[in-house]
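> One file: entry-v4.txt (compact mmCIF, C-alpha atoms and all ligand atoms).
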```txt
# COMPACT_ATOMS: atom_id res chain seq x y z
CA MET W 1 75.02 43.52 99.70
CA ALA W 2 72.11 45.26 98.11
CA SER W 3 73.19 48.49 99.69
CA VAL W 4 71.86 50.39 96.73
CA SER W 5 68.29 49.33 97.08
CA ARG W 6 65.65 51.63 98.41
CA LEU W 7 64.58 49.09 100.93
CA VAL W 8 67.72 48.66 102.89
CA TYR W 9 68.59 45.05 103.57
CA ALA W 10 70.14 44.33 106.87
CA ALA W 11 71.71 41.45 105.03
CA LEU W 12 74.32 40.97 107.69
CA LEU W 13 71.63 39.58 109.90
CA ALA W 14 71.07 36.88 107.40
CA LEU W 15 74.75 36.15 107.01
CA ALA W 16 75.06 35.44 110.67
CA ILE W 17 72.91 32.35 110.24
CA ALA W 18 74.82 30.54 107.58
CA SER W 19 76.35 28.09 110.02
CA LEU W 20 73.08 26.46 110.99
CA ALA W 21 71.28 26.66 107.73
CA SER W 22 70.23 23.02 107.66
CA VAL W 23 66.56 23.73 108.18
CA SER W 24 66.58 26.93 106.30
CA PRO W 25 66.08 26.71 102.56
CA ALA W 26 65.91 30.46 102.30
CA ARG W 27 67.55 33.09 104.40
CA ALA W 28 65.24 35.45 106.10
CA GLN W 29 66.09 39.04 105.48
CA PHE W 30 65.01 41.96 107.41
CA LEU W 31 63.53 44.70 105.24
CA ARG W 32 63.74 48.29 106.28
CA ASP W 33 61.67 51.02 104.69
CA ALA W 34 60.78 54.36 106.23
CA GLU W 35 57.28 54.55 104.78
CA ALA W 36 56.39 50.96 105.63
CA GLU W 37 57.68 51.31 109.18
CA LYS W 38 55.78 54.52 109.73
CA PHE W 39 52.65 52.87 108.42
CA PHE W 40 53.14 49.89 110.76
CA ARG W 41 53.50 52.25 113.72
CA ASP W 42 50.58 54.47 112.84
CA SER W 43 48.24 51.56 112.21
CA SER W 44 49.36 49.39 115.13
CA ASN W 45 50.26 51.76 117.96
CA PRO W 46 46.61 52.48 118.83
CA ILE W 47 46.03 48.71 119.07
CA PHE W 48 49.03 48.25 121.37
CA ALA W 49 47.72 51.07 123.54
CA ALA W 50 44.21 49.56 123.59
CA ALA W 51 45.81 46.33 124.83
CA GLY W 52 47.48 48.22 127.65
CA LEU W 53 50.97 47.98 126.15
CA ASP W 54 53.42 50.83 125.79
CA PRO W 55 53.64 51.18 121.98
CA ALA W 56 57.25 52.33 122.23
CA SER W 57 58.22 49.02 123.80
CA VAL W 58 56.79 46.88 121.00
CA ASN W 59 59.08 46.32 118.03
CA ILE W 60 57.77 45.46 114.59
CA TYR W 61 60.00 43.74 112.04
CA LEU W 62 59.34 43.06 108.40
CA LEU W 63 60.91 39.85 107.14
CA ASN W 64 61.45 39.14 103.49
CA VAL W 65 59.78 35.74 103.42
CA PRO W 66 57.11 34.92 100.82
CA SER W 67 54.92 32.71 102.99
CA ILE W 68 52.04 34.15 104.98
CA ASN W 69 53.01 34.55 108.59
CA ALA W 70 53.18 36.85 111.57
CA PHE W 71 54.46 35.89 114.98
CA VAL W 72 55.65 37.16 118.30
CA THR W 73 58.94 36.26 119.89
CA GLY W 74 61.71 37.48 122.17
CA GLY W 75 59.35 39.42 124.38
CA GLN W 76 57.54 42.27 122.63
CA ASN W 77 58.70 41.72 119.08
CA ILE W 78 56.23 41.21 116.27
CA PHE W 79 57.56 39.76 113.04
CA ILE W 80 55.61 40.11 109.81
CA HIS W 81 56.37 38.25 106.60
CA THR W 82 56.23 40.20 103.37
CA GLY W 83 53.97 37.35 102.17
CA LEU W 84 51.32 38.41 104.64
CA ILE W 85 51.35 42.01 103.45
CA LEU W 86 51.05 40.94 99.84
CA ALA W 87 48.27 38.44 100.55
CA ALA W 88 46.04 40.84 102.46
CA ASP W 89 43.13 42.31 100.53
CA ASP W 90 42.95 45.51 102.51
CA VAL W 91 44.37 47.25 105.53
CA ASN W 92 41.80 45.72 107.88
CA GLU W 93 43.14 42.24 107.24
CA PHE W 94 46.58 43.44 108.23
CA ILE W 95 45.31 45.34 111.27
CA GLY W 96 43.22 42.33 112.31
CA VAL W 97 46.26 40.07 112.36
CA MET W 98 48.20 42.69 114.33
CA ALA W 99 45.38 42.86 116.88
CA HIS W 100 45.43 39.08 117.27
CA GLU W 101 49.22 38.98 117.69
CA THR W 102 49.04 41.86 120.15
CA CYS W 103 47.04 39.69 122.55
CA HIS W 104 49.76 37.04 122.48
CA ILE W 105 51.98 39.73 124.01
CA ALA W 106 49.45 41.53 126.18
CA CYS W 107 47.61 38.42 127.39
CA GLY W 108 50.89 36.94 128.62
CA HIS W 109 50.68 33.78 126.54
CA ARG W 110 53.41 31.29 127.23
CA ILE W 111 54.60 29.51 124.20
CA ARG W 112 53.98 25.83 124.50
CA THR W 113 55.88 23.65 122.10
CA ASN W 114 58.13 23.65 119.18
CA ALA W 115 56.60 24.37 115.83
CA ALA W 116 57.78 24.71 112.31
CA LEU W 117 59.01 28.15 111.52
CA GLY W 118 58.69 27.95 107.79
CA ASN W 119 61.69 29.48 106.15
CA LEU W 120 63.18 30.73 109.35
CA SER W 121 65.69 28.62 111.16
CA ALA W 122 66.02 28.98 114.89
CA THR W 123 69.39 30.62 114.49
CA SER W 124 68.06 33.25 112.20
CA ILE W 125 65.62 34.17 114.90
CA ILE W 126 68.49 34.51 117.31
CA SER W 127 70.26 36.78 114.88
CA LEU W 128 67.14 38.81 114.56
CA VAL W 129 66.77 39.01 118.27
CA LEU W 130 70.38 40.06 118.58
CA GLY W 131 69.68 42.66 115.93
CA ALA W 132 66.71 43.71 117.95
CA ALA W 133 68.98 44.07 120.93
CA ALA W 134 70.63 46.97 119.23
CA ILE W 135 67.40 48.88 119.41
CA ALA W 136 67.77 48.82 123.13
CA ALA W 137 71.42 49.67 122.67
CA GLY W 138 73.12 51.80 125.14
CA ALA W 139 71.43 49.56 127.65
CA GLY W 140 73.64 46.51 127.80
CA ASP W 141 71.28 44.66 130.10
CA ALA W 142 68.32 45.05 127.82
CA GLY W 143 70.42 43.83 124.93
CA LEU W 144 71.44 40.84 126.96
CA ALA W 145 67.88 40.05 127.97
CA LEU W 146 66.87 39.99 124.34
CA LEU W 147 69.83 37.85 123.58
CA LEU W 148 68.79 35.31 126.18
CA GLY W 149 65.31 35.46 124.71
CA GLY W 150 66.98 34.29 121.53
CA GLN W 151 68.47 31.36 123.40
CA GLN W 152 65.02 30.20 124.44
CA VAL W 153 63.92 30.48 120.88
CA ALA W 154 66.81 28.26 119.91
CA ARG W 155 65.59 25.57 122.26
CA GLY W 156 62.39 25.56 120.30
CA GLN W 157 60.11 27.16 122.81
CA PHE W 158 58.26 29.30 120.44
CA LEU W 159 55.25 29.86 118.38
CA ALA W 160 52.69 27.26 119.23
CA TYR W 161 49.94 28.45 121.50
CA SER W 162 47.13 26.38 122.88
CA ARG W 163 43.76 26.45 121.20
CA GLY W 164 42.40 28.27 124.20
CA GLN W 165 45.00 30.96 123.81
CA GLU W 166 44.28 31.28 120.11
CA GLY W 167 40.61 31.75 120.85
CA GLU W 168 41.45 34.31 123.50
CA ALA W 169 43.67 36.19 121.05
CA ASP W 170 40.82 36.32 118.55
CA ILE W 171 38.35 37.71 121.06
CA ALA W 172 40.79 40.13 122.69
CA GLY W 173 41.99 41.19 119.23
CA ALA W 174 38.41 41.94 118.22
CA SER W 175 37.92 44.01 121.37
CA TYR W 176 41.06 46.07 120.68
CA LEU W 177 39.76 46.68 117.18
CA THR W 178 36.40 47.83 118.53
CA GLU W 179 38.16 50.17 120.91
CA VAL W 180 40.19 51.83 118.17
CA GLY W 181 37.26 51.99 115.75
CA HIS W 182 38.00 49.24 113.26
CA SER W 183 35.83 46.35 112.16
CA ALA W 184 37.10 42.83 112.86
CA THR W 185 35.78 41.61 109.53
CA GLY W 186 39.30 41.96 108.16
CA LEU W 187 40.58 39.35 110.59
CA ILE W 188 37.68 37.06 109.75
CA GLY W 189 38.28 37.48 106.03
CA PHE W 190 41.93 36.73 106.49
CA PHE W 191 41.18 33.60 108.50
CA GLU W 192 38.71 32.41 105.92
CA LYS W 193 41.32 32.80 103.25
CA LEU W 194 43.70 30.71 105.31
CA ARG W 195 41.17 28.09 106.26
CA ASP W 196 41.18 26.81 102.73
CA GLN W 197 44.84 26.02 103.19
CA GLU W 198 44.20 23.67 106.08
CA ILE W 199 43.23 20.88 103.75
CA LEU W 200 46.59 21.17 102.00
CA ALA W 201 49.57 19.02 102.92
CA GLN W 202 51.60 20.67 105.66
CA ILE W 203 54.44 21.47 103.36
CA ARG W 204 52.21 23.61 101.18
CA GLN W 205 50.56 25.43 104.02
CA ASP W 206 51.67 28.86 105.08
CA PRO W 207 53.24 28.85 108.53
CA TYR W 208 50.43 30.94 109.91
CA VAL W 209 48.04 28.07 109.29
CA ARG W 210 50.31 25.60 111.01
CA THR W 211 50.70 27.75 114.08
CA HIS W 212 47.15 29.05 114.15
CA PRO W 213 44.91 26.03 113.57
CA LEU W 214 41.65 27.37 112.27
CA ASN W 215 38.44 25.57 112.63
CA ARG W 216 34.89 26.47 111.86
CA ASP W 217 34.07 26.98 115.56
CA ARG W 218 36.87 29.39 116.10
CA ILE W 219 35.91 31.56 113.17
CA ALA W 220 32.23 31.36 114.10
CA ARG W 221 32.97 32.49 117.63
CA LEU W 222 35.04 35.41 116.35
CA GLN W 223 32.26 36.26 113.92
CA GLU W 224 29.76 36.45 116.81
CA VAL W 225 31.92 38.79 118.84
CA ALA W 226 32.82 40.91 115.84
CA ALA W 227 29.18 41.42 114.93
CA GLU W 228 28.50 43.00 118.32
CA SER W 229 30.88 45.85 117.55
CA PRO W 230 29.36 49.19 116.49
CA HIS W 231 32.09 49.29 113.83
CA TYR W 232 31.22 45.89 112.38
CA ARG W 233 30.04 47.23 109.03
CA LYS W 234 32.51 50.04 108.85
CA PRO W 235 34.75 49.87 105.76
CA PRO W 236 38.52 50.19 106.15
CA ASP W 237 39.77 53.67 106.99
CA PRO W 238 40.40 55.20 103.55
CA ALA W 239 43.61 57.03 104.48
CA LEU W 240 45.15 53.99 106.17
CA ASN W 241 44.03 51.77 103.35
CA GLU W 242 45.72 54.02 100.80
CA ARG W 243 48.92 53.89 102.80
CA PHE W 244 48.64 50.12 103.02
CA ARG W 245 48.23 49.87 99.24
CA ARG W 246 51.33 51.97 98.72
CA VAL W 247 53.38 49.76 101.01
CA GLN W 248 51.99 46.72 99.23
CA ALA W 249 52.79 48.12 95.78
CA LYS W 250 56.26 49.09 96.87
CA LEU W 251 56.92 45.61 98.21
CA PHE W 252 55.44 43.97 95.16
CA GLY W 253 57.63 46.04 92.84
CA TYR W 254 60.67 45.47 94.99
CA LEU W 255 60.24 41.71 95.31
CA ASN W 256 59.00 40.71 91.87
CA ASN W 257 60.58 40.92 88.47
CA ALA W 258 59.70 43.84 86.24
CA GLN W 259 57.39 41.83 83.99
CA ALA W 260 55.28 40.61 86.88
CA THR W 261 54.99 44.11 88.30
CA LEU W 262 54.04 45.62 84.96
CA ARG W 263 51.40 42.94 84.49
CA ARG W 264 49.86 43.72 87.83
CA TYR W 265 50.34 47.49 87.60
CA PRO W 266 50.20 48.27 83.86
CA PRO W 267 51.21 51.76 82.64
CA SER W 268 47.54 52.50 81.95
CA ASP W 269 47.01 52.51 85.73
CA THR W 270 47.95 56.00 86.89
CA SER W 271 47.09 55.55 90.56
CA VAL W 272 49.75 56.48 93.06
CA TYR W 273 50.42 52.90 94.09
CA ALA W 274 50.65 51.64 90.51
CA ARG W 275 53.21 54.33 89.72
CA TYR W 276 55.02 53.44 92.90
CA ALA W 277 55.25 49.79 91.92
CA ARG W 278 56.45 50.76 88.45
CA VAL W 279 59.30 52.89 89.79
CA TYR W 280 60.65 49.65 91.25
CA ALA W 281 59.91 47.65 88.13
CA TYR W 282 61.81 50.08 85.88
CA HIS W 283 64.48 50.38 88.48
CA ARG W 284 64.98 46.62 88.45
CA ALA W 285 64.99 46.62 84.67
CA LEU W 286 67.60 49.42 84.75
CA GLU W 287 65.22 51.60 82.76
CA TRP W 288 66.30 54.70 84.63
CA LYS W 289 64.49 57.16 82.39
CA TYR W 290 61.13 55.46 82.93
CA ALA W 291 61.76 55.05 86.63
CA LEU W 292 62.51 58.76 86.96
CA ALA W 293 59.44 59.69 84.93
CA GLU W 294 57.23 57.73 87.32
CA ALA W 295 58.95 59.27 90.34
CA ASP W 296 58.45 62.75 88.89
CA ALA W 297 54.78 62.00 88.29
CA LEU W 298 54.45 60.97 91.93
CA ILE W 299 56.15 64.16 93.14
CA ALA W 300 53.84 66.23 90.92
CA MET W 301 50.86 64.52 92.57
CA GLU W 302 52.12 65.08 96.14
CA PRO W 303 54.93 67.62 96.32
CA GLY W 304 55.06 67.39 100.10
CA ASN W 305 55.60 63.63 100.24
CA PRO W 306 59.14 62.78 101.44
CA TYR W 307 59.00 59.19 100.22
CA PHE W 308 58.61 60.24 96.60
CA TYR W 309 61.77 62.33 96.82
CA GLU W 310 63.41 59.45 98.61
CA ILE W 311 62.69 57.00 95.80
CA LYS W 312 63.68 59.49 93.12
CA GLY W 313 66.92 60.23 94.92
CA GLN W 314 67.65 56.54 95.18
CA VAL W 315 67.03 55.97 91.48
CA LEU W 316 69.35 58.86 90.64
CA PHE W 317 71.98 57.56 93.00
CA GLU W 318 71.91 54.08 91.59
CA SER W 319 72.06 55.33 88.05
CA GLY W 320 75.23 57.19 88.96
CA GLN W 321 73.80 60.73 88.97
CA ILE W 322 75.20 61.49 92.39
CA ASP W 323 74.92 65.28 92.51
CA ASP W 324 71.30 65.20 91.38
CA ALA W 325 70.62 62.43 93.89
CA ILE W 326 72.04 64.54 96.71
CA GLU W 327 69.86 67.49 95.73
CA VAL W 328 66.69 65.40 95.65
CA LEU W 329 67.52 63.52 98.87
CA ARG W 330 68.04 66.85 100.63
CA GLN W 331 64.46 67.63 99.63
CA ALA W 332 63.38 64.33 101.15
CA VAL W 333 65.18 65.08 104.42
CA ILE W 334 63.63 68.57 104.58
CA ARG W 335 60.23 66.85 104.41
CA ALA W 336 61.13 64.11 106.89
CA PRO W 337 63.85 65.48 109.16
CA ARG W 338 63.51 62.74 111.77
CA GLU W 339 63.39 59.73 109.46
CA PRO W 340 66.66 57.86 109.97
CA LEU W 341 66.42 55.73 106.84
CA ILE W 342 65.94 58.79 104.63
CA ILE W 343 68.72 60.69 106.37
CA THR W 344 70.94 57.66 105.81
CA ALA W 345 70.17 57.65 102.09
CA LEU W 346 71.39 61.25 101.86
CA GLY W 347 74.43 60.41 103.98
CA GLN W 348 75.27 57.49 101.71
CA ALA W 349 75.07 59.64 98.57
CA LEU W 350 77.29 62.31 100.14
CA ILE W 351 79.87 59.81 101.40
CA SER W 352 80.10 58.20 97.98
CA LYS W 353 81.67 61.41 96.64
CA GLU W 354 84.67 60.87 98.92
CA ASP W 355 85.13 64.61 99.04
CA PRO W 356 85.87 66.46 102.30
CA VAL W 357 83.03 68.98 101.97
CA ALA W 358 80.44 66.28 101.27
CA THR W 359 81.84 64.10 104.06
CA ALA W 360 81.60 67.00 106.50
CA GLU W 361 77.91 67.35 105.60
CA ALA W 362 77.32 63.59 105.82
CA ARG W 363 78.92 62.86 109.18
CA PRO W 364 76.49 64.78 111.42
CA LEU W 365 73.58 63.47 109.34
CA LEU W 366 74.69 59.89 109.89
CA GLU W 367 75.31 60.56 113.57
CA ARG W 368 71.74 61.81 113.77
CA ALA W 369 70.45 58.74 111.91
CA THR W 370 72.23 56.35 114.27
CA THR W 371 71.04 58.28 117.30
CA LEU W 372 67.46 58.07 116.09
CA ASP W 373 67.78 54.38 115.25
CA ARG W 374 70.65 52.45 116.76
CA SER W 375 69.71 49.30 114.87
CA ASN W 376 70.33 50.96 111.51
CA THR W 377 73.17 48.75 110.28
CA PHE W 378 73.50 50.62 107.03
CA ALA W 379 73.79 54.00 108.73
CA TRP W 380 76.59 52.64 110.94
CA PHE W 381 78.34 51.35 107.86
CA ASN W 382 78.26 54.77 106.23
CA LEU W 383 79.14 56.57 109.45
CA ALA W 384 82.22 54.38 109.81
CA ARG W 385 83.19 55.36 106.28
CA ALA W 386 82.74 59.03 107.12
CA TYR W 387 84.98 58.75 110.20
CA SER W 388 87.54 56.84 108.27
CA LEU W 389 87.54 59.41 105.42
CA GLU W 390 88.17 62.04 108.08
CA GLY W 391 91.03 60.01 109.54
CA ASP W 392 89.22 59.32 112.84
CA ASN W 393 90.06 55.65 113.12
CA ALA W 394 88.95 55.25 116.71
CA ARG W 395 85.40 56.33 115.93
CA ALA W 396 85.48 54.36 112.69
CA ASN W 397 86.25 51.23 114.73
CA LEU W 398 83.44 51.90 117.19
CA ALA W 399 80.94 52.61 114.40
CA THR W 400 82.02 49.39 112.67
CA ALA W 401 81.55 47.50 115.93
CA GLU W 402 78.04 48.99 116.12
CA ARG W 403 77.41 47.99 112.54
CA PHE W 404 78.26 44.34 113.13
CA TYR W 405 76.55 44.33 116.49
CA SER W 406 73.31 45.67 115.07
CA GLY W 407 73.65 43.20 112.23
CA GLY W 408 74.03 40.22 114.54
CA SER W 409 77.63 39.39 113.58
CA ALA W 410 79.08 38.81 117.02
CA GLY W 411 82.57 37.80 115.93
CA GLN W 412 83.17 40.91 113.85
CA ALA W 413 81.54 43.10 116.48
CA LEU W 414 83.98 41.67 119.03
CA LEU W 415 86.97 42.42 116.83
CA TYR W 416 86.10 46.07 116.25
CA ALA W 417 84.83 46.70 119.76
CA GLN W 418 88.20 45.47 121.05
CA ARG W 419 90.00 47.87 118.73
CA ALA W 420 87.79 50.69 119.96
CA VAL W 421 88.42 49.75 123.60
CA ASP W 422 92.14 49.89 122.88
CA THR W 423 92.00 53.35 121.33
CA PHE W 424 89.56 55.33 123.48
CA ARG W 425 90.45 56.78 126.87
CA PRO W 426 89.25 54.36 129.59
CA GLY W 427 86.06 55.65 131.17
CA SER W 428 85.07 57.85 128.20
CA PRO W 429 81.52 57.34 126.85
CA GLU W 430 82.90 55.74 123.68
CA TRP W 431 85.09 53.37 125.71
CA ILE W 432 82.08 52.37 127.87
CA ARG W 433 79.96 51.74 124.83
CA ALA W 434 82.68 49.63 123.23
CA GLN W 435 82.93 47.64 126.47
CA ASP W 436 79.17 47.00 126.41
CA ILE W 437 79.35 45.64 122.89
CA LEU W 438 82.35 43.56 123.83
CA VAL W 439 80.57 41.94 126.76
CA ILE W 440 77.38 41.12 124.87
CA ALA W 441 79.13 39.99 121.71
CA ARG W 442 81.51 37.80 123.69
CA GLN W 443 78.66 36.10 125.47
CA TYR W 444 76.85 35.57 122.19
CA ALA W 445 79.93 34.22 120.46
CA GLY W 446 80.56 31.87 123.39
CA GLN W 447 77.04 30.50 123.26
CA ARG W 448 77.30 29.89 119.57
CA ARG W 449 80.54 28.01 119.99
CA ARG W 450 79.02 25.78 122.65
CA ARG W 451 76.22 24.87 120.31
ZN ZN L 1 47.79 33.34 117.41
```
Could you quickly redo this structure as structure tokens?


Amino acid sequence: MASVSRLVYAALLALAIASLASVSPARAQFLRDAEAEKFFRDSSNPIFAAAGLDPASVNIYLLNVPSINAFVTGGQNIFIHTGLILAADDVNEFIGVMAHETCHIACGHRIRTNAALGNLSATSIISLVLGAAAIAAGAGDAGLALLLGGQQVARGQFLAYSRGQEGEADIAGASYLTEVGHSATGLIGFFEKLRDQEILAQIRQDPYVRTHPLNRDRIARLQEVAAESPHYRKPPDPALNERFRRVQAKLFGYLNNAQATLRRYPPSDTSVYARYARVYAYHRALEWKYALAEADALIAMEPGNPYFYEIKGQVLFESGQIDDAIEVLRQAVIRAPREPLIITALGQALISKEDPVATAEARPLLERATTLDRSNTFAWFNLARAYSLEGDNARANLATAERFYSGGSAGQALLYAQRAVDTFRPGSPEWIRAQDILVIARQYAGQRRRR
């Protein structure tokens, strides 16, 4: 597992799918990144609110899939392909798509028929939905509801909306954008880009085109509505756009080989996002010295930015400079004390020392990280290690059960939850939690067997 990478893979999610991989040439991986997730929230929450949704109840997931797509499933879950982020010209294109997808949730659209999911097999969606269940963890019922949502997905009831609903999502999306002060030209631009793909053979189209048939009328109608907005000619918000570019550069550097990244972001480009992309390029090329130099340049530009310390700490950690990594990651946590992914990075570095003092510092950090984000598979993994280093096998078992549960591996979750049930005092909070996992994982495992 690419546990060392800055963007933490919840690779276990992907592993859970292997059994039904027939339609799935590539495994979808969930990407986690503190900065990207914060950007998604900050840019999309106002849109959710404008649509009358509770932003806290909408989950956003980034999938490592190169095709252009975004879709809604399992209730209030929005999935975004990395391909969409990389293909967007500016933040308004991204925000426009989010506004459109938001209506599919808020307008109560029922999904009509089966449709191709691109690189995602139905089972991978179920795994994702099970992973999503962990977000609601603690609440067994909510987890179960999401799980059953996954079952519907498996029967193929997803993704294709009627033309009428697509049109409605365009218009409602444009109205949310107007309400929050953005122009809908981004959505139009994005659609125009995709329209060219419609003449391609299906296999070469991005999934978004297949599930969102675009025609001249639809775009023209959106254009009309968009032009009525007082924000029609307003350029993208500069601060949000900068954050979008950073996320884009980060993803580009993370997903492409070093040569490709250096071609697109040559060393002569000293912008923040170019440097950001190059940290990843040098990192991939194992050019630690260059990677650190870029990270230091970023920190010099914005000494208060936690993500720059985070990336520097990660580079140090992966190049084996553990003590320096810990120091720098502490700086990151000071700047972002409630960011579970950053806290986890520090916890991981501390745990790797396998020394009692470092473990004693790591354990409460990792407990905090898992409290803030119960779906953080990697934090559970490290927390289980911390407990086990401290000889607390009962808690190690429960944390391992949480790890597999949040990663969608029902069988393993069952095994460890059973061990936890056997070791904790009946009726204790840990015992109850282990029981919850047991019940949900058992149901999930049973359904998979029946299939
Ligand atoms: Zn749509």

> Taking all atoms listed in the file into account, list the residues no farther than 7 Å from ligand ZN 1 (chain L), as a ChimeraX atom specification.

/W:100-101,104,161,166,169,212

> What's the separation between atom CA of Pro267 of chain W and atom CA of Ala293 of chain W, in Å to one decimal place?

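So the two atoms, atom CA of Pro267 of chain W and atom CA of Ala293 of chain W, lie 11.7 Å apart.
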
> Kindly indicate which residue among W:Leu389, W:Ala379, W:Val328, W:Leu84 lies nearest to Val357 of chain W, using all atoms listed in the file for the distances.

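Result for the nearest residue to Val357 of chain W: W:Leu389.
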
> Which residue out of W:Met301, W:Ala220, W:Leu414, W:Ala87 has the minimum interatomic distance to Tyr444 of chain W when only C-alpha atoms are used?

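Smallest distance to Tyr444 of chain W is found for W:Leu414.
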
> List every protein, DNA or RNA residue that has at least one atom no more than 10 Å from (85.1, 43.0, 117.6) in the file's coordinates, counting all atoms listed in the file, and write the result as a list in words.

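The residues that fall inside the cut-off are Asn397, Leu398, Thr400, Ala401, Glu402, Phe404, Tyr405, Ser409, Ala410, Gly411, Gln412, Ala413, Leu414, Leu415, Tyr416, Ala417, Gln418, Arg419, Ala420, Val421, Ala434, Ile437, Leu438, Ala441 and Arg442 of chain W.
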
> Near Arg243 of chain W, within 9 Å and counting all atoms listed in the file, which residues show up once chain neighbours fewer than 6 positions away are dropped, as number ranges by chain?

W: 35-36, 39, 91, 273

> Compile the contact shell of Lys38 of chain W as a ChimeraX atom specification: residues with an atom at most 12 Å away, counting only C-alpha atoms, same-chain residues fewer than 2 positions apart removed.

/W:32-36,40-45,60-61,240,243-244,247,307,336,338-341

> Could you tell me which of W:Leu53, W:Val65, W:Ala360, W:Ile343 comes closest to Pro306 of chain W if we count all atoms listed in the file?

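The closest residue to Pro306 of chain W is W:Ile343.
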
> Which residues are near Leu316 of chain W? Cut-off 12 Å, all atoms listed in the file, ignore same chain within fewer than 2 positions. Put them as number ranges by chain.

W: 4-6, 279, 283, 286-293, 295-296, 309-314, 318-329, 345-346, 349

> Using only C-alpha atoms, which of W:His182, W:Arg278, W:Arg218, W:Arg246 sits nearest Arg233 of chain W?

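Among W:His182, W:Arg278, W:Arg218, W:Arg246, it is W:His182 that comes nearest to Arg233 of chain W.
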
> Could you work out how far atom CA of Tyr282 of chain W lies from atom CA of Ala88 of chain W, giving the answer in Å with one decimal?

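Taking atom CA of Ala88 of chain W and atom CA of Tyr282 of chain W, their separation equals 24.7 Å.
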
> Need the shell around Val225 of chain W: protein/DNA/RNA residues with any atom at most 12 Å away, counting only C-alpha atoms. Skip same-chain ones fewer than 4 positions apart. Format as a list of chain:residue names?

W:Gly167, W:Glu168, W:Asp170, W:Ile171, W:Ala172, W:Gly173, W:Ala174, W:Ser175, W:Tyr176, W:Leu177, W:Thr178, W:Ser183, W:Ala184, W:Thr185, W:Leu187, W:Ile188, W:Arg218, W:Ile219, W:Ala220, W:Arg221, W:Ser229, W:Pro230, W:His231, W:Tyr232

> Could the residues in this selection be written to a file with C-alpha atoms, as a compact mmCIF listing (two decimals), keeping the file's coordinate frame?


```txt
# COMPACT_ATOMS: atom_id res chain seq x y z
CA GLY W 167 40.61 31.75 120.85
CA GLU W 168 41.45 34.31 123.50
CA ASP W 170 40.82 36.32 118.55
CA ILE W 171 38.35 37.71 121.06
CA ALA W 172 40.79 40.13 122.69
CA GLY W 173 41.99 41.19 119.23
CA ALA W 174 38.41 41.94 118.22
CA SER W 175 37.92 44.01 121.37
CA TYR W 176 41.06 46.07 120.68
CA LEU W 177 39.76 46.68 117.18
CA THR W 178 36.40 47.83 118.53
CA SER W 183 35.83 46.35 112.16
CA ALA W 184 37.10 42.83 112.86
CA THR W 185 35.78 41.61 109.53
CA LEU W 187 40.58 39.35 110.59
CA ILE W 188 37.68 37.06 109.75
CA ARG W 218 36.87 29.39 116.10
CA ILE W 219 35.91 31.56 113.17
CA ALA W 220 32.23 31.36 114.10
CA ARG W 221 32.97 32.49 117.63
CA SER W 229 30.88 45.85 117.55
CA PRO W 230 29.36 49.19 116.49
CA HIS W 231 32.09 49.29 113.83
CA TYR W 232 31.22 45.89 112.38
```

> Can you pull out the residues contacting Tyr254 of chain W? Cut-off 8 Å, using all atoms listed in the file, and skip same-chain residues under 5 positions away; I want them as a short mmCIF file (atom, residue, chain, number, x, y, z; two decimals) with C-alpha atoms, in the coordinates of the input.


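Output file around14.cif is given in full below:
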```cif
data_model
loop_
_atom_site.label_atom_id
_atom_site.label_comp_id
_atom_site.auth_asym_id
_atom_site.auth_seq_id
_atom_site.Cartn_x
_atom_site.Cartn_y
_atom_site.Cartn_z
CA LEU W 7 64.58 49.09 100.93
CA ALA W 277 55.25 49.79 91.92
CA TYR W 280 60.65 49.65 91.25
CA ALA W 281 59.91 47.65 88.13
CA ARG W 284 64.98 46.62 88.45
#
```

> To one decimal place, how far is atom CA of Ala297 of chain W from atom CA of Asn92 of chain W in Å?

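Separation between atom CA of Ala297 of chain W and atom CA of Asn92 of chain W: 28.6 Å.
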
> Which is closer to Gly181 of chain W than all the others in W:Gly391, W:Gly96, W:Gly407, W:Pro356, using all atoms listed in the file?

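Among W:Gly391, W:Gly96, W:Gly407, W:Pro356, it is W:Gly96 that comes nearest to Gly181 of chain W.
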
> Tell me which of W:Ala49, W:Asp422, W:Gly427, W:Phe30 sits closest to Val180 of chain W, counting all atoms listed in the file.

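Looking only at the distances to Val180 of chain W, the closest residue turns out to be W:Ala49.
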
> Please supply segment 414-419 of chain W, rebuilt with N, CA and C atoms, as a compact mmCIF listing (two decimals), keeping the file's coordinate frame.


```txt
# COMPACT_ATOMS: atom_id res chain seq x y z
N LEU W 414 82.94 41.86 118.00
CA LEU W 414 83.98 41.67 119.03
C LEU W 414 85.30 42.30 118.60
N LEU W 415 85.69 41.96 117.37
CA LEU W 415 86.97 42.42 116.83
C LEU W 415 87.07 43.95 116.87
N TYR W 416 86.03 44.61 116.36
CA TYR W 416 86.10 46.07 116.25
C TYR W 416 85.86 46.74 117.60
N ALA W 417 85.04 46.12 118.43
CA ALA W 417 84.83 46.70 119.76
C ALA W 417 86.14 46.65 120.54
N GLN W 418 86.90 45.57 120.37
CA GLN W 418 88.20 45.47 121.05
C GLN W 418 89.14 46.57 120.57
N ARG W 419 89.16 46.80 119.27
CA ARG W 419 90.00 47.87 118.73
C ARG W 419 89.60 49.21 119.31
```
